[in-house]
Amino acid sequence: MSARHVAVIGGGAVGLSCADQLLVRGHRVTIVERGGPEHDCCSLGNAGYISPSHFLPLAAPGLLGRAIRWMGDPESPFYVRPRPDPALYGWMWRFWLASTPARAHAAAPLMRDLNLASRAMFEELAAETGNPFSLERRGCLTLFQTRKGLDQEAAHAERSRALGMPAEVLDARGVKALEPDVTVDVEGGVFYPLDAHVTPDRFHATLSQRVRDRGGVFLWNAESRGFRQDSGRIRAVQTTQGDIAADEFLVAAGAHSAALVAPLGLGLPLQPGKGYSMTMPAPPEMPARPLLLQEVRVAITPMDGVLRFGGTLELGAWDAEINPPRIRGIVRSALRHLPAFREEHFRGLRPWSGLRPCSPDGLPYVGRFRRWENLSMATGHAMMGLSMSLITGRLVAEQLSGERPSLDLTLLDPDRYG
Ligand SMILES: Cc1cc2nc3c(=O)[nH]c(=O)nc-3n(C[C@H](O)[C@H](O)[C@H](O)COP(=O)(O)OP(=O)(O)OC[C@H]3O[C@@H](n4cnc5c(N)ncnc54)[C@H](O)[C@@H]3O)c2cc1C
């Protein structure tokens, strides 16, 4: 297939990964980004996990029930912000339908393959660039304060091994042996050695630089407001900097992607899942690898001498506002697990927020729409947008280049909700 001009809408980790892979295949790329060169987005302040261990989609059995129980607790890690919005309730209904063991089981091999393929691409990128984004391959340790939680995770570990990925169940002594420099108050944990982590803002900067070096053009402060189209083809994307004509259009605008394509008659269920992080410059103790406090959904990641704490998923929250009780929830959860840490270590840390783009079945939307011959989508990765960014870029670039995608895209079809 001949080289095309592709307009990529959105300059987060997913849009940039797609741009990079399209440029590698000889296409011309313009990135349409509503922010400036220093813009913030969900891809910057996240926990940095590359997580093959997360092979269950967000729509896993039991989560919605737990969320409803947590509704009355302002510090809880999962929350649905109630508002009279049919899109939100439609999303929740589909989420509930998708939250069955059979659906989670069917999605698990694909989730594994996406994460493992992406992990391999992170390794290649680190080797090619000198690893400025600090890829670390030390696995991830999930931690539990209750026997019940640990037993449930042991079942997950069993499934992980059945999928060909090692996982080791540890008691409190085993946790101490793996993390001798950190004091933890836990019943035990599970070690997933294939997991890895990076420093996300430096990963984003590395991708931006590569895209620039390969001739990609950034159109900054250009908010996409709609499309010009005729006879089933998109002709141009309308932006606050004027219309951009192209041969192909890829929407990778994170949580805002669905609103962009809605006027084209595409009703894609997508909700923001707001989360927060705080980065501690001088922690009293430093773990060697990411610690995931699974029962309270707090991710703790060492990133080159600093320690990041991330958590909370506020479904349906479109704003970037910091909600102090949720921040308190993250801090209290961390303090309960890490006795060497004190409130004052968190004092003065500036909380960051980001909107995860969440599909109801927990699987991303990757690929072309049927209704528009030159329009594609890459979003909906929820808590795995960094982890799956590179493989998403490859899959999109393969499809737009007329190649057979290296993984089956059927479950990721952006038209799957009609
Ligand atoms: C607290 C927290 C922790 C997380 N931890 C992890 C983790 O450890 N591992 C992991 O894999 N994932 C994690 N995630 C999820 C991950 O950050 C996201 O899935 C990922 O960043 C989504 O990337 P994206 O490129 O799709 O969206 P974004 O990064 O949001 O980028 C979208 C871009 O589109 C632009 N845009 C939006 N609308 C328009 C428009 N109309 N016109 C032009 N441009 C537009 C935005 O300005 C933005 O730059 C975490 C998220 C949070 C909140």
# chains A, B, ... in the order shown; residues from 1 in each chain; ligands from 1
call {"tool": "residues_near_ligand", "arguments": {"ligand": "ligand 1", "cutoff": "7 Å", "atoms": "only C-alpha atoms and all ligand atoms", "output": "number ranges by chain"}}
result
A: 9-15, 32-35, 39-51, 222-225, 252-257, 260, 274-277, 310-312, 353-357, 379-388
call {"tool": "write_last_selection", "arguments": {"atoms": "C-alpha atoms", "output": "CSV table (one decimal), in the first residue's frame"}}
result
chain,number,residue,atom,x,y,z
A,9,ILE,CA,-5.8,13.4,16.9
A,10,GLY,CA,-4.3,13.3,20.4
A,11,GLY,CA,-0.6,13.4,21.5
A,12,GLY,CA,-0.7,11.1,24.5
A,13,ALA,CA,1.2,7.8,24.8
A,14,VAL,CA,-1.2,6.0,22.5
A,15,GLY,CA,-1.3,8.7,19.8
A,32,VAL,CA,-3.3,17.3,16.2
A,33,GLU,CA,-3.0,18.1,19.9
A,34,ARG,CA,-5.2,20.6,21.8
A,35,GLY,CA,-2.4,21.3,24.3
A,39,HIS,CA,0.7,19.9,27.8
A,40,ASP,CA,-0.4,17.5,30.6
A,41,CYS,CA,-2.4,14.3,29.8
A,42,CYS,CA,-3.2,11.0,31.4
A,43,SER,CA,0.0,9.5,30.0
A,44,LEU,CA,2.3,11.6,32.2
A,45,GLY,CA,1.5,11.2,35.9
A,46,ASN,CA,0.4,7.6,35.9
A,47,ALA,CA,2.0,4.7,37.8
A,48,GLY,CA,4.3,3.6,35.0
A,49,TYR,CA,3.4,-0.1,35.1
A,50,ILE,CA,3.9,-2.4,32.2
A,51,SER,CA,1.7,-5.2,33.5
A,222,ALA,CA,-5.2,22.7,17.9
A,223,GLU,CA,-8.3,21.4,19.4
A,224,SER,CA,-10.2,19.1,17.1
A,225,ARG,CA,-13.9,20.1,16.9
A,252,ALA,CA,-6.5,8.8,19.9
A,253,ALA,CA,-7.8,11.6,22.2
A,254,GLY,CA,-8.0,9.5,25.3
A,255,ALA,CA,-11.2,9.9,27.4
A,256,HIS,CA,-12.4,12.6,24.9
A,257,SER,CA,-12.3,10.3,21.9
A,260,LEU,CA,-15.2,13.5,18.9
A,274,LYS,CA,-10.3,9.8,37.1
A,275,GLY,CA,-7.3,8.8,39.1
A,276,TYR,CA,-4.7,10.6,41.2
A,277,SER,CA,-1.0,10.4,41.9
A,310,GLY,CA,-1.3,6.4,42.5
A,311,GLY,CA,-4.9,5.3,42.9
A,312,THR,CA,-8.6,5.9,42.8
A,353,SER,CA,-5.1,13.9,38.2
A,354,GLY,CA,-5.6,12.1,34.9
A,355,LEU,CA,-8.6,10.7,33.1
A,356,ARG,CA,-8.3,7.0,32.1
A,357,PRO,CA,-10.3,6.3,29.0
A,379,THR,CA,-8.4,4.4,22.9
A,380,GLY,CA,-10.2,2.8,25.8
A,381,HIS,CA,-7.2,1.2,27.5
A,382,ALA,CA,-8.3,2.3,31.0
A,383,MET,CA,-5.6,1.3,33.5
A,384,MET,CA,-3.3,-0.1,30.8
A,385,GLY,CA,-2.9,2.7,28.3
A,386,LEU,CA,0.8,3.0,29.0
A,387,SER,CA,1.4,-0.7,29.2
A,388,MET,CA,-0.4,-1.3,25.8
call {"tool": "residues_around", "arguments": {"residues": "range 122-128 of chain A", "least_positions_apart": "4", "cutoff": "10 Å", "atoms": "only C-alpha atoms", "output": "MDAnalysis selection string"}}
result
chainID A and resid 50 116:118 132:137 196:198 203 206:207 387:391
call {"tool": "select_by_dssp", "arguments": {"residues": "range 148-343 of chain A", "states": "alpha helix (DSSP H)", "output": "MDAnalysis selection string"}}
result
chainID A and resid 148:162 172:178 200:213 257:261 324:337 343
call {"tool": "closest_atom_pairs", "arguments": {"of": "range 235-311 of chain A", "to": "range 22-30 of chain A", "cutoff": "10 Å", "atoms": "only C-alpha atoms", "output": "tab-separated table"}}
result
residue	atom	partner	partner_atom	distance
A:Ile244	CA	A:Thr30	CA	8.7
A:Ala245	CA	A:Thr30	CA	10.0
A:Ala246	CA	A:Thr30	CA	8.7
A:Asp247	CA	A:Arg28	CA	9.8
A:Glu248	CA	A:Val29	CA	9.5
A:Phe249	CA	A:Thr30	CA	9.8
call {"tool": "write_last_selection", "arguments": {"atoms": "N, CA, C and O atoms", "output": "PDB file, in the first residue's frame"}}
result
ATOM      1  N   ILE A 244      -7.521  20.359   8.696  1.00  0.00           N
ATOM      2  CA  ILE A 244      -6.357  19.564   8.276  1.00  0.00           C
ATOM      3  C   ILE A 244      -6.883  18.434   7.393  1.00  0.00           C
ATOM      4  O   ILE A 244      -7.585  17.532   7.869  1.00  0.00           O
ATOM      5  N   ALA A 245      -6.542  18.489   6.141  1.00  0.00           N
ATOM      6  CA  ALA A 245      -6.940  17.419   5.211  1.00  0.00           C
ATOM      7  C   ALA A 245      -5.927  16.281   5.335  1.00  0.00           C
ATOM      8  O   ALA A 245      -4.746  16.513   5.629  1.00  0.00           O
ATOM      9  N   ALA A 246      -6.378  15.064   5.165  1.00  0.00           N
ATOM     10  CA  ALA A 246      -5.465  13.903   5.222  1.00  0.00           C
ATOM     11  C   ALA A 246      -6.134  12.727   4.520  1.00  0.00           C
ATOM     12  O   ALA A 246      -7.314  12.805   4.135  1.00  0.00           O
ATOM     13  N   ASP A 247      -5.365  11.640   4.328  1.00  0.00           N
ATOM     14  CA  ASP A 247      -5.949  10.434   3.711  1.00  0.00           C
ATOM     15  C   ASP A 247      -6.612   9.550   4.759  1.00  0.00           C
ATOM     16  O   ASP A 247      -7.601   8.877   4.480  1.00  0.00           O
ATOM     17  N   GLU A 248      -6.007   9.525   5.950  1.00  0.00           N
ATOM     18  CA  GLU A 248      -6.510   8.679   7.043  1.00  0.00           C
ATOM     19  C   GLU A 248      -6.602   9.533   8.309  1.00  0.00           C
ATOM     20  O   GLU A 248      -5.766  10.418   8.523  1.00  0.00           O
ATOM     21  N   PHE A 249      -7.565   9.198   9.182  1.00  0.00           N
ATOM     22  CA  PHE A 249      -7.747   9.938  10.427  1.00  0.00           C
ATOM     23  C   PHE A 249      -7.797   8.934  11.580  1.00  0.00           C
ATOM     24  O   PHE A 249      -8.555   7.955  11.504  1.00  0.00           O
TER      25      PHE A 249
END
call {"tool": "residues_around", "arguments": {"residues": "Pro57 in chain A", "least_positions_apart": "5", "cutoff": "8 Å", "atoms": "only C-alpha atoms", "output": "JSON, numbers by chain"}}
result
{"A": [104, 107, 108, 111, 361, 362, 363]}
call {"tool": "write_last_selection", "arguments": {"atoms": "C-alpha atoms", "output": "PDB file, in the first residue's frame"}}
result
ATOM      1  CA  ALA A 104     -13.035 -12.228  31.587  1.00  0.00           C
ATOM      2  CA  ALA A 107     -10.380 -11.780  27.122  1.00  0.00           C
ATOM      3  CA  ALA A 108      -7.427 -12.973  29.247  1.00  0.00           C
ATOM      4  CA  MET A 111      -4.769  -9.127  27.319  1.00  0.00           C
ATOM      5  CA  ASP A 361     -15.805  -4.358  28.707  1.00  0.00           C
ATOM      6  CA  GLY A 362     -12.339  -3.181  29.770  1.00  0.00           C
ATOM      7  CA  LEU A 363     -10.850  -3.815  26.329  1.00  0.00           C
TER       8      LEU A 363
END
call {"tool": "atom_distance", "arguments": {"atom1": "CA of Met286 in chain A", "atom2": "CA of Pro74 in chain A"}}
result
28.9 Å
call {"tool": "select_by_dssp", "arguments": {"residues": "range 236-326 of chain A", "states": "strand (DSSP E)", "output": "number ranges by chain"}}
result
A: 236-239, 242-245, 248-251, 271-280, 291-293, 298-303, 306-315
call {"tool": "closest_residue", "arguments": {"among": "A:Met71, A:Leu400, A:Ile234, A:Thr100", "to": "Ser2 in chain A", "atoms": "only C-alpha atoms"}}
result
A:Leu400
call {"tool": "atom_distance", "arguments": {"atom1": "CA of Gly265 in chain A", "atom2": "CA of Tyr417 in chain A"}}
result
12.4 Å
call {"tool": "atom_distance", "arguments": {"atom1": "CA of Leu16 in chain A", "atom2": "CA of Ala397 in chain A"}}
result
11.6 Å
call {"tool": "residues_around", "arguments": {"residues": "Val182 in chain A", "least_positions_apart": "3", "cutoff": "6 Å", "atoms": "only C-alpha atoms", "output": "list in words"}}
result
Glu179, Glu285 and Pro287 of chain A
call {"tool": "residues_around", "arguments": {"residues": "Arg81 in chain A", "least_positions_apart": "3", "cutoff": "10 Å", "atoms": "only C-alpha atoms", "output": "list in words"}}
result
Met71, Phe78, Leu88, Gly273, Glu314, Leu315, Gly316, Ala317 and Trp318 of chain A
call {"tool": "write_last_selection", "arguments": {"atoms": "N, CA and C atoms", "output": "mmCIF file, in the first residue's frame"}}
result
data_model
loop_
_atom_site.group_PDB
_atom_site.id
_atom_site.type_symbol
_atom_site.label_atom_id
_atom_site.label_comp_id
_atom_site.auth_asym_id
_atom_site.auth_seq_id
_atom_site.Cartn_x
_atom_site.Cartn_y
_atom_site.Cartn_z
ATOM 1 N N MET A 71 -19.726 3.264 47.566
ATOM 2 C CA MET A 71 -20.297 4.559 47.176
ATOM 3 C C MET A 71 -20.396 5.549 48.340
ATOM 4 N N PHE A 78 -12.751 3.306 44.510
ATOM 5 C CA PHE A 78 -13.546 3.181 43.294
ATOM 6 C C PHE A 78 -14.883 3.841 43.566
ATOM 7 N N LEU A 88 -23.726 7.564 30.914
ATOM 8 C CA LEU A 88 -23.074 6.935 32.072
ATOM 9 C C LEU A 88 -23.831 5.666 32.483
ATOM 10 N N GLY A 273 -12.243 7.602 33.820
ATOM 11 C CA GLY A 273 -12.005 7.032 35.148
ATOM 12 C C GLY A 273 -10.906 7.862 35.788
ATOM 13 N N GLU A 314 -12.549 7.291 39.707
ATOM 14 C CA GLU A 314 -13.843 7.974 39.836
ATOM 15 C C GLU A 314 -14.497 7.946 38.471
ATOM 16 N N LEU A 315 -15.423 7.039 38.317
ATOM 17 C CA LEU A 315 -16.071 6.856 37.016
ATOM 18 C C LEU A 315 -17.032 8.008 36.739
ATOM 19 N N GLY A 316 -16.927 8.557 35.543
ATOM 20 C CA GLY A 316 -17.849 9.614 35.129
ATOM 21 C C GLY A 316 -17.423 11.002 35.567
ATOM 22 N N ALA A 317 -16.202 11.152 36.091
ATOM 23 C CA ALA A 317 -15.714 12.469 36.520
ATOM 24 C C ALA A 317 -14.928 13.088 35.366
ATOM 25 N N TRP A 318 -15.467 14.124 34.732
ATOM 26 C CA TRP A 318 -14.828 14.688 33.542
ATOM 27 C C TRP A 318 -13.821 15.786 33.856
#
call {"tool": "residues_around", "arguments": {"residues": "range 138-145 of chain A", "least_positions_apart": "4", "cutoff": "7 Å", "atoms": "only C-alpha atoms", "output": "PDB file with C-alpha atoms, in the first residue's frame"}}
result
ATOM      1  CA  GLY A 149      -7.420 -11.186  49.705  1.00  0.00           C
ATOM      2  CA  LEU A 150      -4.241 -13.232  49.490  1.00  0.00           C
ATOM      3  CA  VAL A 186       0.983  -7.498  55.230  1.00  0.00           C
ATOM      4  CA  GLU A 187      -0.267 -11.070  55.337  1.00  0.00           C
ATOM      5  CA  GLY A 188       1.602 -11.839  52.129  1.00  0.00           C
ATOM      6  CA  GLY A 189       1.772 -11.069  48.447  1.00  0.00           C
ATOM      7  CA  VAL A 190       2.220 -12.370  44.930  1.00  0.00           C
ATOM      8  CA  PHE A 191       5.305 -11.662  42.840  1.00  0.00           C
ATOM      9  CA  TYR A 192       4.848 -11.320  39.059  1.00  0.00           C
ATOM     10  CA  PRO A 193       8.386 -11.357  37.626  1.00  0.00           C
ATOM     11  CA  LEU A 194       7.398 -10.464  34.041  1.00  0.00           C
ATOM     12  CA  ASP A 195       6.011  -7.054  34.990  1.00  0.00           C
ATOM     13  CA  ALA A 196       8.164  -3.988  34.435  1.00  0.00           C
ATOM     14  CA  ARG A 289      10.040  -2.700  42.483  1.00  0.00           C
ATOM     15  CA  PRO A 290       6.417  -1.547  42.186  1.00  0.00           C
ATOM     16  CA  LEU A 291       4.177  -2.541  45.099  1.00  0.00           C
ATOM     17  CA  LEU A 292       0.486  -2.858  44.363  1.00  0.00           C
ATOM     18  CA  LEU A 293      -1.723  -2.652  47.471  1.00  0.00           C
ATOM     19  CA  GLN A 294      -4.445  -4.614  45.770  1.00  0.00           C
ATOM     20  CA  GLU A 295      -7.179  -4.505  48.433  1.00  0.00           C
TER      21      GLU A 295
END
call {"tool": "closest_residue", "arguments": {"among": "A:Gly402, A:Gly90, A:Pro52, A:Gly65", "to": "Ala157 in chain A", "atoms": "only C-alpha atoms"}}
result
A:Pro52
